[in-house]
Amino acid sequence: MLRVVNRVLLGVVGLVSAGAGTVVLAGWPPFDGRHDVLLSRADRMRWRDAGWWWPVVIAALAVLFVLALCWLLAQLRRRRLREVLVETGDGEGALLRGRALEAALLADAESLEGVERAEVLLRGRRTTPEARMGLVLEARAEPAPTLDGLRGKALERARRSAGLERLPAEVRLRVARHGAERAR
């Protein structure tokens, strides 16, 4: 739903901007004279006695600028993958919820020996998903066997179950905090 609203708003803003620009550049009424401007001297002077006018105009433009900047940043942010396209072999395909695949990967990753907890996030396109994983290892866990188990068990199982040719993953490892051991 958000995607549709976003596209409709973008289309409306684009059409209004293009229409206003065309009117000004083409010299159509009310800008049909050679010396016509958007704000004439009389228009600018009309509000000169009202000391609140120009600060309000500047504040409104600043708010519009900040809202436009927030909207732009929201467009650039990469979101979680909602669904993965699973090839069924009949040319149709099926959709697998991205959260379901994340939950399966999470359960498999947390079941590995030496993993205290894990985080999983799917990104990319629904035909070529990518996994971003964070593993918190126990204090005495060895990273190499844990990564081998993750690659061989969790990622391979998820790739096969979703019918994907490949499932690239970025894995970040951290060690869990632990207290100092004392000698007796």
# chains A, B, ... in the order shown; residues from 1 in each chain; ligands from 1

$ residues_around --residues "stretch 77-92 of chain A" --least-positions-apart "6" --cutoff "8 Å" --atoms "only C-alpha atoms" --output "list in words"
Gly98, Arg99, Leu121, Leu122, Arg123, Gly124, Arg125, Arg126, Thr127, Pro129, Ala162, Gly163 and Leu164 of chain A

$ select_by_dssp --residues "stretch 2-147 of chain A" --states "helix (DSSP H, G or I)" --output "PyMOL selection string"
chain A and resi 2-26+41-46+53-76+98-110+143-147

$ closest_residue --among "A:Val115, A:Val56, A:Asp49, A:Asp36" --to "A:Val24" --atoms "only C-alpha atoms"
A:Asp36

$ residues_around --residues "A:Arg166" --least-positions-apart "5" --cutoff "10 Å" --atoms "only C-alpha atoms" --output "PDB file with all heavy atoms, in the first residue's frame"
ATOM      1  N   THR A 128      16.579 -13.022  -6.262  1.00  0.00           N
ATOM      2  CA  THR A 128      17.984 -13.160  -5.844  1.00  0.00           C
ATOM      3  C   THR A 128      18.177 -12.556  -4.451  1.00  0.00           C
ATOM      4  O   THR A 128      18.787 -11.499  -4.314  1.00  0.00           O
ATOM      5  CB  THR A 128      18.930 -12.462  -6.845  1.00  0.00           C
ATOM      6  OG1 THR A 128      18.525 -11.094  -6.955  1.00  0.00           O
ATOM      7  CG2 THR A 128      18.907 -13.133  -8.201  1.00  0.00           C
ATOM      8  N   PRO A 129      17.671 -13.228  -3.425  1.00  0.00           N
ATOM      9  CA  PRO A 129      17.818 -12.676  -2.074  1.00  0.00           C
ATOM     10  C   PRO A 129      19.250 -12.793  -1.563  1.00  0.00           C
ATOM     11  O   PRO A 129      20.032 -13.615  -2.046  1.00  0.00           O
ATOM     12  CB  PRO A 129      16.859 -13.530  -1.241  1.00  0.00           C
ATOM     13  CG  PRO A 129      16.785 -14.820  -1.968  1.00  0.00           C
ATOM     14  CD  PRO A 129      16.939 -14.479  -3.425  1.00  0.00           C
ATOM     15  N   GLU A 130      19.556 -11.943  -0.606  1.00  0.00           N
ATOM     16  CA  GLU A 130      20.851 -11.967   0.069  1.00  0.00           C
ATOM     17  C   GLU A 130      20.585 -11.949   1.561  1.00  0.00           C
ATOM     18  O   GLU A 130      19.708 -11.230   2.031  1.00  0.00           O
ATOM     19  CB  GLU A 130      21.675 -10.742  -0.315  1.00  0.00           C
ATOM     20  CG  GLU A 130      21.953 -10.636  -1.789  1.00  0.00           C
ATOM     21  CD  GLU A 130      22.573  -9.300  -2.170  1.00  0.00           C
ATOM     22  OE1 GLU A 130      22.748  -8.446  -1.274  1.00  0.00           O
ATOM     23  OE2 GLU A 130      22.857  -9.116  -3.354  1.00  0.00           O
ATOM     24  N   LEU A 155      22.609 -22.140   5.715  1.00  0.00           N
ATOM     25  CA  LEU A 155      22.486 -21.480   4.411  1.00  0.00           C
ATOM     26  C   LEU A 155      22.148 -22.458   3.292  1.00  0.00           C
ATOM     27  O   LEU A 155      21.321 -22.170   2.428  1.00  0.00           O
ATOM     28  CB  LEU A 155      23.765 -20.706   4.089  1.00  0.00           C
ATOM     29  CG  LEU A 155      23.988 -19.461   4.943  1.00  0.00           C
ATOM     30  CD1 LEU A 155      25.371 -18.890   4.709  1.00  0.00           C
ATOM     31  CD2 LEU A 155      22.931 -18.420   4.621  1.00  0.00           C
ATOM     32  N   GLU A 156      22.766 -23.630   3.311  1.00  0.00           N
ATOM     33  CA  GLU A 156      22.490 -24.623   2.273  1.00  0.00           C
ATOM     34  C   GLU A 156      21.054 -25.125   2.365  1.00  0.00           C
ATOM     35  O   GLU A 156      20.376 -25.296   1.360  1.00  0.00           O
ATOM     36  CB  GLU A 156      23.479 -25.788   2.386  1.00  0.00           C
ATOM     37  CG  GLU A 156      23.321 -26.835   1.315  1.00  0.00           C
ATOM     38  CD  GLU A 156      23.541 -26.291  -0.093  1.00  0.00           C
ATOM     39  OE1 GLU A 156      24.255 -25.296  -0.274  1.00  0.00           O
ATOM     40  OE2 GLU A 156      22.967 -26.879  -1.039  1.00  0.00           O
ATOM     41  N   ALA A 158      18.462 -23.487   3.626  1.00  0.00           N
ATOM     42  CA  ALA A 158      17.577 -22.407   3.191  1.00  0.00           C
ATOM     43  C   ALA A 158      17.602 -22.258   1.673  1.00  0.00           C
ATOM     44  O   ALA A 158      16.560 -22.063   1.046  1.00  0.00           O
ATOM     45  CB  ALA A 158      17.989 -21.097   3.854  1.00  0.00           C
ATOM     46  N   ARG A 159      18.781 -22.373   1.081  1.00  0.00           N
ATOM     47  CA  ARG A 159      18.903 -22.260  -0.371  1.00  0.00           C
ATOM     48  C   ARG A 159      18.135 -23.375  -1.072  1.00  0.00           C
ATOM     49  O   ARG A 159      17.375 -23.136  -2.006  1.00  0.00           O
ATOM     50  CB  ARG A 159      20.380 -22.306  -0.780  1.00  0.00           C
ATOM     51  CG  ARG A 159      20.605 -22.058  -2.254  1.00  0.00           C
ATOM     52  CD  ARG A 159      22.008 -22.419  -2.677  1.00  0.00           C
ATOM     53  NE  ARG A 159      22.295 -23.833  -2.564  1.00  0.00           N
ATOM     54  CZ  ARG A 159      21.851 -24.760  -3.415  1.00  0.00           C
ATOM     55  NH1 ARG A 159      21.079 -24.440  -4.431  1.00  0.00           N
ATOM     56  NH2 ARG A 159      22.171 -26.030  -3.249  1.00  0.00           N
ATOM     57  N   ARG A 160      18.303 -24.612  -0.597  1.00  0.00           N
ATOM     58  CA  ARG A 160      17.612 -25.737  -1.214  1.00  0.00           C
ATOM     59  C   ARG A 160      16.095 -25.653  -1.012  1.00  0.00           C
ATOM     60  O   ARG A 160      15.327 -25.910  -1.937  1.00  0.00           O
ATOM     61  CB  ARG A 160      18.122 -27.061  -0.641  1.00  0.00           C
ATOM     62  CG  ARG A 160      19.383 -27.541  -1.330  1.00  0.00           C
ATOM     63  CD  ARG A 160      19.797 -28.924  -0.875  1.00  0.00           C
ATOM     64  NE  ARG A 160      20.291 -28.855   0.503  1.00  0.00           N
ATOM     65  CZ  ARG A 160      19.773 -29.529   1.528  1.00  0.00           C
ATOM     66  NH1 ARG A 160      18.772 -30.347   1.356  1.00  0.00           N
ATOM     67  NH2 ARG A 160      20.288 -29.409   2.732  1.00  0.00           N
TER      68      ARG A 160
END

$ atom_distance --atom1 "atom CA of A:Ala74" --atom2 "atom CA of A:Val4"
14.7 Å

$ residues_around --residues "A:Glu113" --least-positions-apart "2" --cutoff "8 Å" --atoms "only C-alpha atoms" --output "list in words"
Ser111, Val115, Ala141 and Thr146 of chain A

$ closest_residue --among "A:Ala169, A:Leu61, A:Leu72, A:Ala139" --to "A:Leu105" --atoms "only C-alpha atoms"
A:Ala169

$ residues_around --residues "A:His178" --least-positions-apart "6" --cutoff "12 Å" --atoms "only C-alpha atoms" --output "ChimeraX atom specification"
/A:116,136-140

$ write_last_selection --atoms "C-alpha atoms" --output "short mmCIF file (atom, residue, chain, number, x, y, z; two decimals), in the first residue's frame"
data_model
loop_
_atom_site.label_atom_id
_atom_site.label_comp_id
_atom_site.auth_asym_id
_atom_site.auth_seq_id
_atom_site.Cartn_x
_atom_site.Cartn_y
_atom_site.Cartn_z
CA GLU A 116 24.73 -17.73 21.76
CA VAL A 136 27.17 -13.67 18.79
CA LEU A 137 29.55 -16.47 19.69
CA GLU A 138 30.00 -17.93 23.14
CA ALA A 139 33.24 -17.03 24.92
CA ARG A 140 35.13 -20.22 24.03
#

$ decode --residues "stretch 62-162 of chain A" --atoms "C-alpha atoms" --output "PDB file, in the first residue's frame"
ATOM      1  CA  ALA A  62      12.325  25.293   5.197  1.00  0.00           C
ATOM      2  CA  VAL A  63       9.696  22.818   6.443  1.00  0.00           C
ATOM      3  CA  LEU A  64       8.934  21.766   2.859  1.00  0.00           C
ATOM      4  CA  PHE A  65      12.643  21.276   2.224  1.00  0.00           C
ATOM      5  CA  VAL A  66      13.068  19.110   5.351  1.00  0.00           C
ATOM      6  CA  LEU A  67      10.017  17.005   4.446  1.00  0.00           C
ATOM      7  CA  ALA A  68      11.327  16.500   0.918  1.00  0.00           C
ATOM      8  CA  LEU A  69      14.739  15.516   2.292  1.00  0.00           C
ATOM      9  CA  CYS A  70      13.155  13.004   4.709  1.00  0.00           C
ATOM     10  CA  TRP A  71      11.128  11.534   1.856  1.00  0.00           C
ATOM     11  CA  LEU A  72      14.258  11.210  -0.291  1.00  0.00           C
ATOM     12  CA  LEU A  73      16.166   9.455   2.493  1.00  0.00           C
ATOM     13  CA  ALA A  74      13.237   7.077   3.011  1.00  0.00           C
ATOM     14  CA  GLN A  75      13.416   6.157  -0.683  1.00  0.00           C
ATOM     15  CA  LEU A  76      17.127   5.415  -0.493  1.00  0.00           C
ATOM     16  CA  ARG A  77      16.858   3.215   2.591  1.00  0.00           C
ATOM     17  CA  ARG A  78      16.964  -0.462   1.750  1.00  0.00           C
ATOM     18  CA  ARG A  79      14.144  -2.399   3.268  1.00  0.00           C
ATOM     19  CA  ARG A  80      13.665  -5.953   4.412  1.00  0.00           C
ATOM     20  CA  LEU A  81      12.734  -8.441   1.699  1.00  0.00           C
ATOM     21  CA  ARG A  82       9.007  -9.242   1.958  1.00  0.00           C
ATOM     22  CA  GLU A  83       8.811 -12.305  -0.251  1.00  0.00           C
ATOM     23  CA  VAL A  84      11.014 -14.763  -2.130  1.00  0.00           C
ATOM     24  CA  LEU A  85       9.990 -16.289  -5.455  1.00  0.00           C
ATOM     25  CA  VAL A  86      10.265 -20.093  -5.274  1.00  0.00           C
ATOM     26  CA  GLU A  87      10.472 -21.950  -8.579  1.00  0.00           C
ATOM     27  CA  THR A  88       7.941 -24.783  -8.585  1.00  0.00           C
ATOM     28  CA  GLY A  89       8.962 -26.254 -11.923  1.00  0.00           C
ATOM     29  CA  ASP A  90       5.625 -25.655 -13.645  1.00  0.00           C
ATOM     30  CA  GLY A  91       6.479 -22.127 -14.782  1.00  0.00           C
ATOM     31  CA  GLU A  92       4.179 -20.563 -12.199  1.00  0.00           C
ATOM     32  CA  GLY A  93       6.305 -20.204  -9.075  1.00  0.00           C
ATOM     33  CA  ALA A  94       5.207 -19.612  -5.497  1.00  0.00           C
ATOM     34  CA  LEU A  95       5.854 -16.844  -3.030  1.00  0.00           C
ATOM     35  CA  LEU A  96       7.572 -17.536   0.281  1.00  0.00           C
ATOM     36  CA  ARG A  97       7.308 -14.909   2.981  1.00  0.00           C
ATOM     37  CA  GLY A  98      10.699 -13.357   3.661  1.00  0.00           C
ATOM     38  CA  ARG A  99      10.077 -13.413   7.418  1.00  0.00           C
ATOM     39  CA  ALA A 100       9.461 -17.176   7.262  1.00  0.00           C
ATOM     40  CA  LEU A 101      12.803 -17.778   5.540  1.00  0.00           C
ATOM     41  CA  GLU A 102      14.486 -15.437   8.039  1.00  0.00           C
ATOM     42  CA  ALA A 103      12.942 -17.383  10.929  1.00  0.00           C
ATOM     43  CA  ALA A 104      14.170 -20.697   9.500  1.00  0.00           C
ATOM     44  CA  LEU A 105      17.676 -19.313   9.008  1.00  0.00           C
ATOM     45  CA  LEU A 106      17.612 -17.872  12.521  1.00  0.00           C
ATOM     46  CA  ALA A 107      16.569 -21.186  14.092  1.00  0.00           C
ATOM     47  CA  ASP A 108      19.257 -23.094  12.196  1.00  0.00           C
ATOM     48  CA  ALA A 109      21.943 -20.527  13.057  1.00  0.00           C
ATOM     49  CA  GLU A 110      21.058 -20.476  16.770  1.00  0.00           C
ATOM     50  CA  SER A 111      21.124 -24.271  16.902  1.00  0.00           C
ATOM     51  CA  LEU A 112      24.801 -24.341  15.871  1.00  0.00           C
ATOM     52  CA  GLU A 113      27.324 -25.209  18.542  1.00  0.00           C
ATOM     53  CA  GLY A 114      29.012 -22.125  19.943  1.00  0.00           C
ATOM     54  CA  VAL A 115      26.331 -19.628  18.878  1.00  0.00           C
ATOM     55  CA  GLU A 116      24.730 -17.730  21.756  1.00  0.00           C
ATOM     56  CA  ARG A 117      22.294 -15.740  19.606  1.00  0.00           C
ATOM     57  CA  ALA A 118      21.822 -14.684  15.995  1.00  0.00           C
ATOM     58  CA  GLU A 119      20.163 -12.036  13.841  1.00  0.00           C
ATOM     59  CA  VAL A 120      19.042 -12.550  10.247  1.00  0.00           C
ATOM     60  CA  LEU A 121      17.860 -10.039   7.657  1.00  0.00           C
ATOM     61  CA  LEU A 122      16.993 -10.779   4.023  1.00  0.00           C
ATOM     62  CA  ARG A 123      17.576  -8.103   1.409  1.00  0.00           C
ATOM     63  CA  GLY A 124      17.850  -7.914  -2.341  1.00  0.00           C
ATOM     64  CA  ARG A 125      15.292  -8.927  -4.937  1.00  0.00           C
ATOM     65  CA  ARG A 126      12.739 -11.648  -4.571  1.00  0.00           C
ATOM     66  CA  THR A 127      14.483 -13.770  -7.218  1.00  0.00           C
ATOM     67  CA  THR A 128      17.984 -13.160  -5.844  1.00  0.00           C
ATOM     68  CA  PRO A 129      17.818 -12.676  -2.074  1.00  0.00           C
ATOM     69  CA  GLU A 130      20.851 -11.967   0.069  1.00  0.00           C
ATOM     70  CA  ALA A 131      21.180 -12.804   3.747  1.00  0.00           C
ATOM     71  CA  ARG A 132      22.760 -10.484   6.268  1.00  0.00           C
ATOM     72  CA  MET A 133      23.531 -12.305   9.491  1.00  0.00           C
ATOM     73  CA  GLY A 134      25.003 -11.386  12.831  1.00  0.00           C
ATOM     74  CA  LEU A 135      26.214 -14.126  15.148  1.00  0.00           C
ATOM     75  CA  VAL A 136      27.167 -13.666  18.786  1.00  0.00           C
ATOM     76  CA  LEU A 137      29.551 -16.470  19.693  1.00  0.00           C
ATOM     77  CA  GLU A 138      30.005 -17.934  23.136  1.00  0.00           C
ATOM     78  CA  ALA A 139      33.236 -17.032  24.923  1.00  0.00           C
ATOM     79  CA  ARG A 140      35.128 -20.223  24.031  1.00  0.00           C
ATOM     80  CA  ALA A 141      33.594 -20.887  20.604  1.00  0.00           C
ATOM     81  CA  GLU A 142      35.799 -21.256  17.554  1.00  0.00           C
ATOM     82  CA  PRO A 143      34.737 -19.144  14.556  1.00  0.00           C
ATOM     83  CA  ALA A 144      35.910 -21.463  11.733  1.00  0.00           C
ATOM     84  CA  PRO A 145      33.815 -24.523  12.666  1.00  0.00           C
ATOM     85  CA  THR A 146      30.844 -22.258  13.385  1.00  0.00           C
ATOM     86  CA  LEU A 147      31.096 -20.646   9.939  1.00  0.00           C
ATOM     87  CA  ASP A 148      31.506 -24.060   8.290  1.00  0.00           C
ATOM     88  CA  GLY A 149      28.363 -25.268  10.070  1.00  0.00           C
ATOM     89  CA  LEU A 150      26.489 -22.123   9.094  1.00  0.00           C
ATOM     90  CA  ARG A 151      27.475 -22.528   5.456  1.00  0.00           C
ATOM     91  CA  GLY A 152      26.864 -26.272   5.349  1.00  0.00           C
ATOM     92  CA  LYS A 153      23.726 -26.468   7.452  1.00  0.00           C
ATOM     93  CA  ALA A 154      21.717 -23.246   7.687  1.00  0.00           C
ATOM     94  CA  LEU A 155      22.486 -21.480   4.411  1.00  0.00           C
ATOM     95  CA  GLU A 156      22.490 -24.623   2.273  1.00  0.00           C
ATOM     96  CA  ARG A 157      19.210 -25.808   3.776  1.00  0.00           C
ATOM     97  CA  ALA A 158      17.577 -22.407   3.191  1.00  0.00           C
ATOM     98  CA  ARG A 159      18.903 -22.260  -0.371  1.00  0.00           C
ATOM     99  CA  ARG A 160      17.612 -25.737  -1.214  1.00  0.00           C
ATOM    100  CA  SER A 161      14.220 -25.248   0.445  1.00  0.00           C
ATOM    101  CA  ALA A 162      13.615 -21.978  -1.416  1.00  0.00           C
TER     102      ALA A 162
END
